[in-house]
file final.cif (mmCIF, C-alpha atoms; chains and numbers go by the auth columns)
data_upload
#
loop_
_atom_site.group_PDB
_atom_site.id
_atom_site.type_symbol
_atom_site.label_atom_id
_atom_site.label_comp_id
_atom_site.label_asym_id
_atom_site.label_seq_id
_atom_site.Cartn_x
_atom_site.Cartn_y
_atom_site.Cartn_z
_atom_site.B_iso_or_equiv
_atom_site.auth_seq_id
_atom_site.auth_asym_id
ATOM 1 C CA MET A 1 20.664 2.653 -10.674 0.00 1223 B
ATOM 2 C CA ASN A 2 17.441 0.971 -11.732 0.00 1224 B
ATOM 3 C CA LEU A 3 14.320 2.757 -13.000 0.00 1225 B
ATOM 4 C CA ARG A 4 12.336 2.138 -9.799 0.00 1226 B
ATOM 5 C CA ARG A 5 14.968 3.811 -7.622 0.00 1227 B
ATOM 6 C CA LEU A 6 15.498 6.600 -10.130 0.00 1228 B
ATOM 7 C CA ILE A 7 11.792 7.490 -9.955 0.00 1229 B
ATOM 8 C CA TRP A 8 11.360 6.942 -6.218 0.00 1230 B
ATOM 9 C CA ASN A 9 14.411 9.038 -5.291 0.00 1231 B
ATOM 10 C CA ASN A 10 13.921 11.820 -7.851 0.00 1232 B
ATOM 11 C CA ARG A 11 13.771 15.091 -5.915 0.00 1233 B
ATOM 12 C CA TYR A 12 12.069 16.876 -8.827 0.00 1234 B
ATOM 13 C CA LEU A 13 8.951 14.706 -8.541 0.00 1235 B
ATOM 14 C CA ASN A 14 6.427 15.166 -5.750 0.00 1236 B
ATOM 15 C CA GLU A 15 5.184 12.103 -3.864 0.00 1237 B
ATOM 16 C CA ARG A 16 2.019 11.798 -5.959 0.00 1238 B
ATOM 17 C CA GLN A 17 4.069 11.769 -9.162 0.00 1239 B
ATOM 18 C CA ARG A 18 6.518 9.262 -7.703 0.00 1240 B
ATOM 19 C CA MET A 19 3.651 6.923 -6.899 0.00 1241 B
ATOM 20 C CA GLU A 20 1.955 7.372 -10.286 0.00 1242 B
ATOM 21 C CA TRP A 21 5.226 6.899 -12.188 0.00 1243 B
ATOM 22 C CA TYR A 22 6.365 3.905 -10.106 0.00 1244 B
ATOM 23 C CA PRO A 23 6.710 1.291 -12.895 0.00 1245 B
ATOM 24 C CA PRO A 24 4.071 -1.272 -11.763 0.00 1246 B
ATOM 25 C CA PHE A 25 1.590 1.509 -10.951 0.00 1247 B
ATOM 26 C CA TRP A 26 2.337 3.451 -14.142 0.00 1248 B
ATOM 27 C CA LEU A 27 1.433 0.393 -16.195 0.00 1249 B
ATOM 28 C CA MET A 28 -1.907 0.244 -14.360 0.00 1250 B
ATOM 29 C CA ARG A 29 -2.501 3.962 -15.088 0.00 1251 B
ATOM 30 C CA ILE A 30 -3.400 4.829 -11.504 0.00 1252 B
ATOM 31 C CA LYS A 31 -4.252 8.401 -10.490 0.00 1253 B
ATOM 32 C CA VAL A 32 -3.473 9.567 -6.952 0.00 1254 B
ATOM 33 C CA LEU A 33 -6.537 11.540 -5.880 0.00 1255 B
ATOM 34 C CA GLU A 34 -5.430 12.258 -2.314 0.00 1256 B
ATOM 35 C CA LEU A 35 -2.161 11.717 -0.501 0.00 1257 B
ATOM 36 C CA SER A 36 -1.967 13.520 2.812 0.00 1258 B
ATOM 37 C CA GLU A 37 1.420 14.953 3.658 0.00 1259 B
ATOM 38 C CA ASP A 38 1.843 12.418 6.478 0.00 1260 B
ATOM 39 C CA TRP A 39 0.432 9.506 4.400 0.00 1261 B
ATOM 40 C CA ARG A 40 -2.320 8.856 6.969 0.00 1262 B
ATOM 41 C CA SER A 41 -4.972 9.202 4.257 0.00 1263 B
ATOM 42 C CA ILE A 42 -4.651 7.896 0.695 0.00 1264 B
ATOM 43 C CA ARG A 43 -7.111 7.721 -2.212 0.00 1265 B
ATOM 44 C CA ILE A 44 -6.120 6.248 -5.569 0.00 1266 B
ATOM 45 C CA HIS A 45 -8.184 5.710 -8.708 0.00 1267 B
ATOM 46 C CA LEU A 46 -7.591 2.385 -10.484 0.00 1268 B
ATOM 47 C CA PRO A 47 -9.113 2.648 -13.965 0.00 1269 B
ATOM 48 C CA HIS A 48 -10.866 -0.135 -15.816 0.00 1270 B
ATOM 49 C CA THR A 49 -8.941 -0.408 -19.080 0.00 1271 B
ATOM 50 C CA TRP A 50 -8.615 -3.049 -21.787 0.00 1272 B
ATOM 51 C CA LEU A 51 -5.446 -4.241 -20.034 0.00 1273 B
ATOM 52 C CA SER A 52 -7.100 -4.542 -16.601 0.00 1274 B
ATOM 53 C CA THR A 53 -10.177 -6.418 -17.824 0.00 1275 B
ATOM 54 C CA ASN A 54 -10.556 -10.073 -16.858 0.00 1276 B
ATOM 55 C CA PRO A 55 -12.171 -12.677 -19.175 0.00 1277 B
ATOM 56 C CA GLY A 56 -15.571 -11.938 -17.585 0.00 1278 B
ATOM 57 C CA GLY A 57 -15.350 -8.249 -18.501 0.00 1279 B
ATOM 58 C CA SER A 58 -14.833 -6.844 -15.008 0.00 1280 B
ATOM 59 C CA LEU A 59 -11.732 -5.410 -13.340 0.00 1281 B
ATOM 60 C CA PHE A 60 -9.032 -8.043 -12.891 0.00 1282 B
ATOM 61 C CA GLY A 61 -8.461 -8.817 -9.197 0.00 1283 B
ATOM 62 C CA GLY A 62 -4.716 -9.089 -9.729 0.00 1284 B
ATOM 63 C CA PHE A 63 -4.563 -5.376 -10.546 0.00 1285 B
ATOM 64 C CA GLN A 64 -6.356 -4.613 -7.296 0.00 1286 B
ATOM 65 C CA ALA A 65 -3.989 -6.887 -5.354 0.00 1287 B
ATOM 66 C CA CYS A 66 -0.915 -5.308 -6.964 0.00 1288 B
ATOM 67 C CA LEU A 67 -2.059 -1.841 -5.924 0.00 1289 B
ATOM 68 C CA ALA A 68 -3.362 -2.822 -2.464 0.00 1290 B
ATOM 69 C CA ASP A 69 -0.283 -4.821 -1.416 0.00 1291 B
ATOM 70 C CA PRO A 70 2.244 -2.042 -0.697 0.00 1292 B
ATOM 71 C CA ILE A 71 -0.096 0.803 0.349 0.00 1293 B
ATOM 72 C CA ALA A 72 -0.284 0.099 4.107 0.00 1294 B
ATOM 73 C CA ALA A 73 3.437 -0.674 4.259 0.00 1295 B
ATOM 74 C CA MET A 74 4.306 2.521 2.370 0.00 1296 B
ATOM 75 C CA ALA A 75 2.210 4.572 4.799 0.00 1297 B
ATOM 76 C CA CYS A 76 3.914 2.908 7.775 0.00 1298 B
ATOM 77 C CA ILE A 77 7.352 3.600 6.263 0.00 1299 B
ATOM 78 C CA LYS A 78 6.471 7.309 6.262 0.00 1300 B
ATOM 79 C CA LEU A 79 5.195 7.204 9.866 0.00 1301 B
ATOM 80 C CA PHE A 80 7.921 4.943 11.275 0.00 1302 B
ATOM 81 C CA PRO A 81 11.029 5.601 9.155 0.00 1303 B
ATOM 82 C CA ASP A 82 13.486 4.082 11.651 0.00 1304 B
ATOM 83 C CA TYR A 83 11.961 0.603 11.343 0.00 1305 B
ATOM 84 C CA ALA A 84 12.092 -2.242 8.819 0.00 1306 B
ATOM 85 C CA ILE A 85 8.591 -2.603 7.366 0.00 1307 B
ATOM 86 C CA TRP A 86 7.002 -5.106 4.990 0.00 1308 B
ATOM 87 C CA THR A 87 3.634 -6.645 4.136 0.00 1309 B
ATOM 88 C CA ARG A 88 3.348 -9.870 6.072 0.00 1310 B
ATOM 89 C CA ALA A 89 -0.086 -10.971 4.825 0.00 1311 B
ATOM 90 C CA LEU A 90 -2.710 -9.678 2.420 0.00 1312 B
ATOM 91 C CA THR A 91 -6.264 -10.954 2.005 0.00 1313 B
ATOM 92 C CA MET A 92 -8.851 -9.654 -0.377 0.00 1314 B
ATOM 93 C CA ASP A 93 -12.595 -10.257 -0.319 0.00 1315 B
ATOM 94 C CA PHE A 94 -14.034 -9.539 -3.767 0.00 1316 B
ATOM 95 C CA GLN A 95 -17.606 -8.590 -2.837 0.00 1317 B
ATOM 96 C CA ARG A 96 -18.763 -7.026 -6.116 0.00 1318 B
ATOM 97 C CA GLU A 97 -17.544 -6.906 -9.679 0.00 1319 B
ATOM 98 C CA GLY A 98 -15.498 -3.882 -10.593 0.00 1320 B
ATOM 99 C CA VAL A 99 -17.382 -2.875 -13.719 0.00 1321 B
ATOM 100 C CA ASP A 100 -15.916 0.624 -13.849 0.00 1322 B
ATOM 101 C CA GLY A 101 -12.753 2.003 -12.356 0.00 1323 B
ATOM 102 C CA VAL A 102 -12.524 1.712 -8.587 0.00 1324 B
ATOM 103 C CA GLU A 103 -11.090 3.934 -5.875 0.00 1325 B
ATOM 104 C CA LEU A 104 -8.769 2.610 -3.187 0.00 1326 B
ATOM 105 C CA LYS A 105 -9.359 4.335 0.173 0.00 1327 B
ATOM 106 C CA PHE A 106 -6.835 3.894 2.993 0.00 1328 B
ATOM 107 C CA VAL A 107 -6.770 5.669 6.378 0.00 1329 B
ATOM 108 C CA ILE A 108 -4.690 5.165 9.524 0.00 1330 B
ATOM 109 C CA SER A 109 -6.699 6.254 12.552 0.00 1331 B
ATOM 110 C CA PRO A 110 -5.010 8.095 15.447 0.00 1332 B
ATOM 111 C CA GLU A 111 -5.980 5.200 17.741 0.00 1333 B
ATOM 112 C CA GLN A 112 -4.359 2.639 15.481 0.00 1334 B
ATOM 113 C CA GLU A 113 -1.224 4.734 15.154 0.00 1335 B
ATOM 114 C CA GLN A 114 -1.007 5.144 18.935 0.00 1336 B
ATOM 115 C CA LYS A 115 -1.391 1.388 19.444 0.00 1337 B
ATOM 116 C CA ILE A 116 1.531 0.812 17.059 0.00 1338 B
ATOM 117 C CA VAL A 117 3.644 3.407 18.901 0.00 1339 B
ATOM 118 C CA ASP A 118 2.842 1.732 22.247 0.00 1340 B
ATOM 119 C CA GLU A 119 3.762 -1.721 20.917 0.00 1341 B
ATOM 120 C CA LEU A 120 7.006 -0.428 19.420 0.00 1342 B
ATOM 121 C CA GLN A 121 7.982 1.174 22.719 0.00 1343 B
ATOM 122 C CA ALA A 122 7.055 -1.894 24.760 0.00 1344 B
ATOM 123 C CA ARG A 123 8.303 -4.706 22.483 0.00 1345 B
ATOM 124 C CA GLY A 124 10.319 -3.099 19.696 0.00 1346 B
ATOM 125 C CA ARG A 125 7.934 -4.503 17.089 0.00 1347 B
ATOM 126 C CA SER A 126 4.328 -4.358 15.978 0.00 1348 B
ATOM 127 C CA THR A 127 2.185 -6.353 13.560 0.00 1349 B
ATOM 128 C CA PRO A 128 -0.918 -4.241 12.897 0.00 1350 B
ATOM 129 C CA CYS A 129 -3.736 -5.276 10.588 0.00 1351 B
ATOM 130 C CA PHE A 130 -5.261 -2.583 8.388 0.00 1352 B
ATOM 131 C CA GLU A 131 -8.635 -2.785 6.686 0.00 1353 B
ATOM 132 C CA TYR A 132 -9.259 -0.691 3.614 0.00 1354 B
ATOM 133 C CA GLY A 133 -10.991 -1.180 0.320 0.00 1355 B
ATOM 134 C CA PHE A 134 -11.769 -0.493 -3.281 0.00 1356 B
ATOM 135 C CA TYR A 135 -15.015 1.406 -3.848 0.00 1357 B
ATOM 136 C CA GLN A 136 -17.197 1.855 -6.916 0.00 1358 B
ATOM 137 C CA LYS A 137 -18.315 5.273 -8.178 0.00 1359 B
ATOM 138 C CA ASP A 138 -21.603 4.942 -6.265 0.00 1360 B
ATOM 139 C CA GLY A 139 -19.667 4.502 -2.987 0.00 1361 B
ATOM 140 C CA SER A 140 -20.359 0.774 -2.609 0.00 1362 B
ATOM 141 C CA LEU A 141 -17.558 -1.484 -1.428 0.00 1363 B
ATOM 142 C CA CYS A 142 -16.183 -3.594 -4.281 0.00 1364 B
ATOM 143 C CA THR A 143 -13.226 -5.290 -2.557 0.00 1365 B
ATOM 144 C CA LEU A 144 -12.332 -5.453 1.145 0.00 1366 B
ATOM 145 C CA VAL A 145 -8.585 -5.521 1.780 0.00 1367 B
ATOM 146 C CA LYS A 146 -6.918 -6.718 4.990 0.00 1368 B
ATOM 147 C CA ALA A 147 -3.178 -6.139 5.177 0.00 1369 B
ATOM 148 C CA THR A 148 -1.011 -7.298 8.053 0.00 1370 B
ATOM 149 C CA ILE A 149 2.183 -5.261 8.263 0.00 1371 B
ATOM 150 C CA ALA A 150 5.372 -6.264 10.056 0.00 1372 B
ATOM 151 C CA ILE A 151 7.093 -3.324 11.753 0.00 1373 B
ATOM 152 C CA ARG A 152 10.406 -4.367 13.307 0.00 1374 B
ATOM 153 C CA SER A 153 13.548 -2.732 14.590 0.00 1375 B
ATOM 154 C CA ARG A 154 16.287 -2.791 12.000 0.00 1376 B
ATOM 155 C CA GLU A 155 18.221 -5.235 14.214 0.00 1377 B
ATOM 156 C CA TYR A 156 15.291 -7.641 14.580 0.00 1378 B
ATOM 157 C CA LYS A 157 15.914 -11.226 13.505 0.00 1379 B
ATOM 158 C CA LYS A 158 13.513 -14.121 13.747 0.00 1380 B
ATOM 159 C CA GLN A 159 14.703 -16.634 16.278 0.00 1381 B
ATOM 160 C CA GLY A 160 14.547 -20.387 15.848 0.00 1382 B
ATOM 161 C CA ILE A 161 14.125 -20.670 12.089 0.00 1383 B
ATOM 162 C CA LYS A 162 16.370 -23.246 10.470 0.00 1384 B
ATOM 163 C CA LEU A 163 16.425 -23.870 6.776 0.00 1385 B
ATOM 164 C CA LEU A 164 16.187 -27.464 5.598 0.00 1386 B
ATOM 165 C CA LYS A 165 18.811 -28.646 3.140 0.00 1387 B
#
call {"tool": "encode", "arguments": {"input": "final.cif", "output": "structure tokens"}}
result
Amino acid sequence: MNLRRLIWNNRYLNERQRMEWYPPFWLMRIKVLELSEDWRSIRIHLPHTWLSTNPGGSLFGGFQACLADPIAAMACIKLFPDYAIWTRALTMDFQREGVDGVELKFVISPEQEQKIVDELQARGRSTPCFEYGFYQKDGSLCTLVKATIAIRSREYKKQGIKLLK
């Protein structure tokens, strides 16, 4: 068993600890500030450390991308456990420098969740787009994140794709 699975499946750790000790996140020294029981609301502090500093002295965007990438998918896995779920696309708009640590804030609204449920019932798949962001201590938006998540039945296969040899 690898370290990632050992941590993620450890019944002695709560979900906050599992996330903080997840190897890529542990190296970034994240701190889970809020993780609702149903994963509909998540807040995570990403510190500005010597390791996360870019050549210009601000928070390296790659650290933000690494943390932002799986968050929406992980929340959807908790809400829709019977489906295959992955990040299909991720865009980031770096609006301000991250001069201090930043806080990732993610929320799934009841309306968005209901739309996903309706699409899953009607078509067996959904591809929602979530907007969330990294915020500075003063509450200003540092980085806008848009994540498109693929939610498919476990039997779903893309049709018509042929690999070139």
call {"tool": "resolve_selection", "arguments": {"input": "final.cif", "expression": "the PyMOL selection byres ((chain B and resi 1298) around 10)", "output": "list in words"}}
result
Asp1260, Trp1261, Arg1262, Pro1292, Ile1293, Ala1294, Ala1295, Met1296, Ala1297, Ile1299, Lys1300, Leu1301, Phe1302, Pro1303, Tyr1305, Ala1306, Ile1307, Trp1308, Ile1330, Glu1335, Ile1338, Ile1371, Ala1372 and Ile1373 of chain B
call {"tool": "resolve_selection", "arguments": {"input": "final.cif", "expression": "the PyMOL selection byres ((chain B and resi 1269) around 8)", "output": "list in words"}}
result
Met1250, Arg1251, Ile1252, His1267, Leu1268, His1270, Thr1271, Ser1274, Asp1322, Gly1323 and Val1324 of chain B
call {"tool": "residues_around", "arguments": {"input": "final.cif", "residues": "B:Ser1263", "least_positions_apart": "2", "cutoff": "7 Å", "atoms": "all atoms listed in the file", "output": "MDAnalysis selection string"}}
result
chainID B and resid 1257:1258 1261 1265 1328:1330
call {"tool": "residues_around", "arguments": {"input": "final.cif", "residues": "stretch 1240-1245 of chain B", "least_positions_apart": "4", "cutoff": "9 Å", "atoms": "all atoms listed in the file", "output": "compact mmCIF listing (two decimals) with C-alpha atoms, keeping the file's coordinate frame"}}
result
# COMPACT_ATOMS: atom_id res chain seq x y z
CA LEU B 1225 14.32 2.76 -13.00
CA ARG B 1226 12.34 2.14 -9.80
CA ARG B 1227 14.97 3.81 -7.62
CA ILE B 1229 11.79 7.49 -9.96
CA TRP B 1230 11.36 6.94 -6.22
CA ASN B 1231 14.41 9.04 -5.29
CA ASN B 1232 13.92 11.82 -7.85
CA LEU B 1235 8.95 14.71 -8.54
CA ASN B 1236 6.43 15.17 -5.75
CA LEU B 1249 1.43 0.39 -16.20
CA MET B 1250 -1.91 0.24 -14.36
CA ARG B 1251 -2.50 3.96 -15.09
CA ILE B 1252 -3.40 4.83 -11.50
CA LYS B 1253 -4.25 8.40 -10.49
CA VAL B 1254 -3.47 9.57 -6.95
call {"tool": "atom_distance", "arguments": {"input": "final.cif", "atom1": "atom CA of B:Cys1364", "atom2": "atom CA of B:Val1321"}}
result
9.5 Å
call {"tool": "resolve_selection", "arguments": {"input": "final.cif", "expression": "the PyMOL selection byres ((chain B and resi 1370) around 8)", "output": "list in words"}}
result
Thr1309, Arg1310, Ala1311, Leu1312, Thr1349, Pro1350, Cys1351, Phe1352, Lys1368, Ala1369, Ile1371 and Ala1372 of chain B
call {"tool": "atom_distance", "arguments": {"input": "final.cif", "atom1": "atom CA of B:Thr1365", "atom2": "atom CA of B:Gly1279"}}
result
16.4 Å
call {"tool": "closest_residue", "arguments": {"input": "final.cif", "among": "B:Gly1320, B:Leu1228, B:Leu1326, B:Arg1347", "to": "B:Thr1275", "atoms": "all atoms listed in the file"}}
result
B:Gly1320
call {"tool": "atom_distance", "arguments": {"input": "final.cif", "atom1": "atom CA of B:Ser1362", "atom2": "atom CA of B:Ile1264"}}
result
17.6 Å
call {"tool": "closest_residue", "arguments": {"input": "final.cif", "among": "B:Leu1289, B:Met1314, B:Val1367, B:Val1339", "to": "B:Trp1248", "atoms": "all atoms listed in the file"}}
result
B:Leu1289
call {"tool": "closest_residue", "arguments": {"input": "final.cif", "among": "B:Gly1355, B:Glu1319, B:Gln1336, B:Arg1345", "to": "B:Ala1290", "atoms": "all atoms listed in the file"}}
result
B:Gly1355
call {"tool": "closest_residue", "arguments": {"input": "final.cif", "among": "B:Arg1233, B:Phe1285, B:Gln1317, B:Glu1259", "to": "B:Gln1358", "atoms": "only C-alpha atoms"}}
result
B:Gln1317
call {"tool": "decode", "arguments": {"input": "final.cif", "residues": "stretch 1256-1299 of chain B", "atoms": "C-alpha atoms", "output": "PDB file, in the first residue's frame"}}
result
ATOM      1  CA  GLU B1256     -13.269  24.601   7.858  1.00  0.00           C
ATOM      2  CA  LEU B1257     -14.494  21.356   6.364  1.00  0.00           C
ATOM      3  CA  SER B1258     -18.222  20.860   6.705  1.00  0.00           C
ATOM      4  CA  GLU B1259     -19.309  17.310   7.386  1.00  0.00           C
ATOM      5  CA  ASP B1260     -20.897  17.080   3.924  1.00  0.00           C
ATOM      6  CA  TRP B1261     -17.965  18.868   2.193  1.00  0.00           C
ATOM      7  CA  ARG B1262     -20.275  21.591   0.839  1.00  0.00           C
ATOM      8  CA  SER B1263     -18.104  24.274   2.451  1.00  0.00           C
ATOM      9  CA  ILE B1264     -14.302  24.212   2.618  1.00  0.00           C
ATOM     10  CA  ARG B1265     -11.736  26.767   3.811  1.00  0.00           C
ATOM     11  CA  ILE B1266      -8.009  26.051   3.685  1.00  0.00           C
ATOM     12  CA  HIS B1267      -5.062  28.260   4.601  1.00  0.00           C
ATOM     13  CA  LEU B1268      -2.105  28.093   2.195  1.00  0.00           C
ATOM     14  CA  PRO B1269       0.886  29.686   3.931  1.00  0.00           C
ATOM     15  CA  HIS B1270       3.536  31.792   2.260  1.00  0.00           C
ATOM     16  CA  THR B1271       6.782  30.013   3.113  1.00  0.00           C
ATOM     17  CA  TRP B1272      10.313  30.066   1.722  1.00  0.00           C
ATOM     18  CA  LEU B1273       9.388  26.993  -0.338  1.00  0.00           C
ATOM     19  CA  SER B1274       6.226  28.560  -1.807  1.00  0.00           C
ATOM     20  CA  THR B1275       7.853  31.863  -2.774  1.00  0.00           C
ATOM     21  CA  ASN B1276       8.344  32.610  -6.467  1.00  0.00           C
ATOM     22  CA  PRO B1277      11.362  34.575  -7.804  1.00  0.00           C
ATOM     23  CA  GLY B1278       9.370  37.820  -7.445  1.00  0.00           C
ATOM     24  CA  GLY B1279       8.808  37.224  -3.727  1.00  0.00           C
ATOM     25  CA  SER B1280       5.090  36.445  -3.850  1.00  0.00           C
ATOM     26  CA  LEU B1281       3.227  33.154  -3.463  1.00  0.00           C
ATOM     27  CA  PHE B1282       4.022  30.747  -6.292  1.00  0.00           C
ATOM     28  CA  GLY B1283       0.962  30.148  -8.494  1.00  0.00           C
ATOM     29  CA  GLY B1284       1.827  26.475  -8.869  1.00  0.00           C
ATOM     30  CA  PHE B1285       1.159  25.940  -5.162  1.00  0.00           C
ATOM     31  CA  GLN B1286      -2.255  27.534  -5.572  1.00  0.00           C
ATOM     32  CA  ALA B1287      -2.995  25.372  -8.625  1.00  0.00           C
ATOM     33  CA  CYS B1288      -1.900  22.196  -6.822  1.00  0.00           C
ATOM     34  CA  LEU B1289      -4.275  22.917  -3.950  1.00  0.00           C
ATOM     35  CA  ALA B1290      -7.174  24.211  -6.084  1.00  0.00           C
ATOM     36  CA  ASP B1291      -7.147  21.339  -8.599  1.00  0.00           C
ATOM     37  CA  PRO B1292      -8.696  18.499  -6.559  1.00  0.00           C
ATOM     38  CA  ILE B1293     -10.924  20.478  -4.152  1.00  0.00           C
ATOM     39  CA  ALA B1294     -14.123  20.623  -6.248  1.00  0.00           C
ATOM     40  CA  ALA B1295     -13.698  17.007  -7.347  1.00  0.00           C
ATOM     41  CA  MET B1296     -13.128  15.852  -3.759  1.00  0.00           C
ATOM     42  CA  ALA B1297     -16.303  17.631  -2.642  1.00  0.00           C
ATOM     43  CA  CYS B1298     -18.278  16.027  -5.481  1.00  0.00           C
ATOM     44  CA  ILE B1299     -16.906  12.584  -4.562  1.00  0.00           C
TER      45      ILE B1299
END
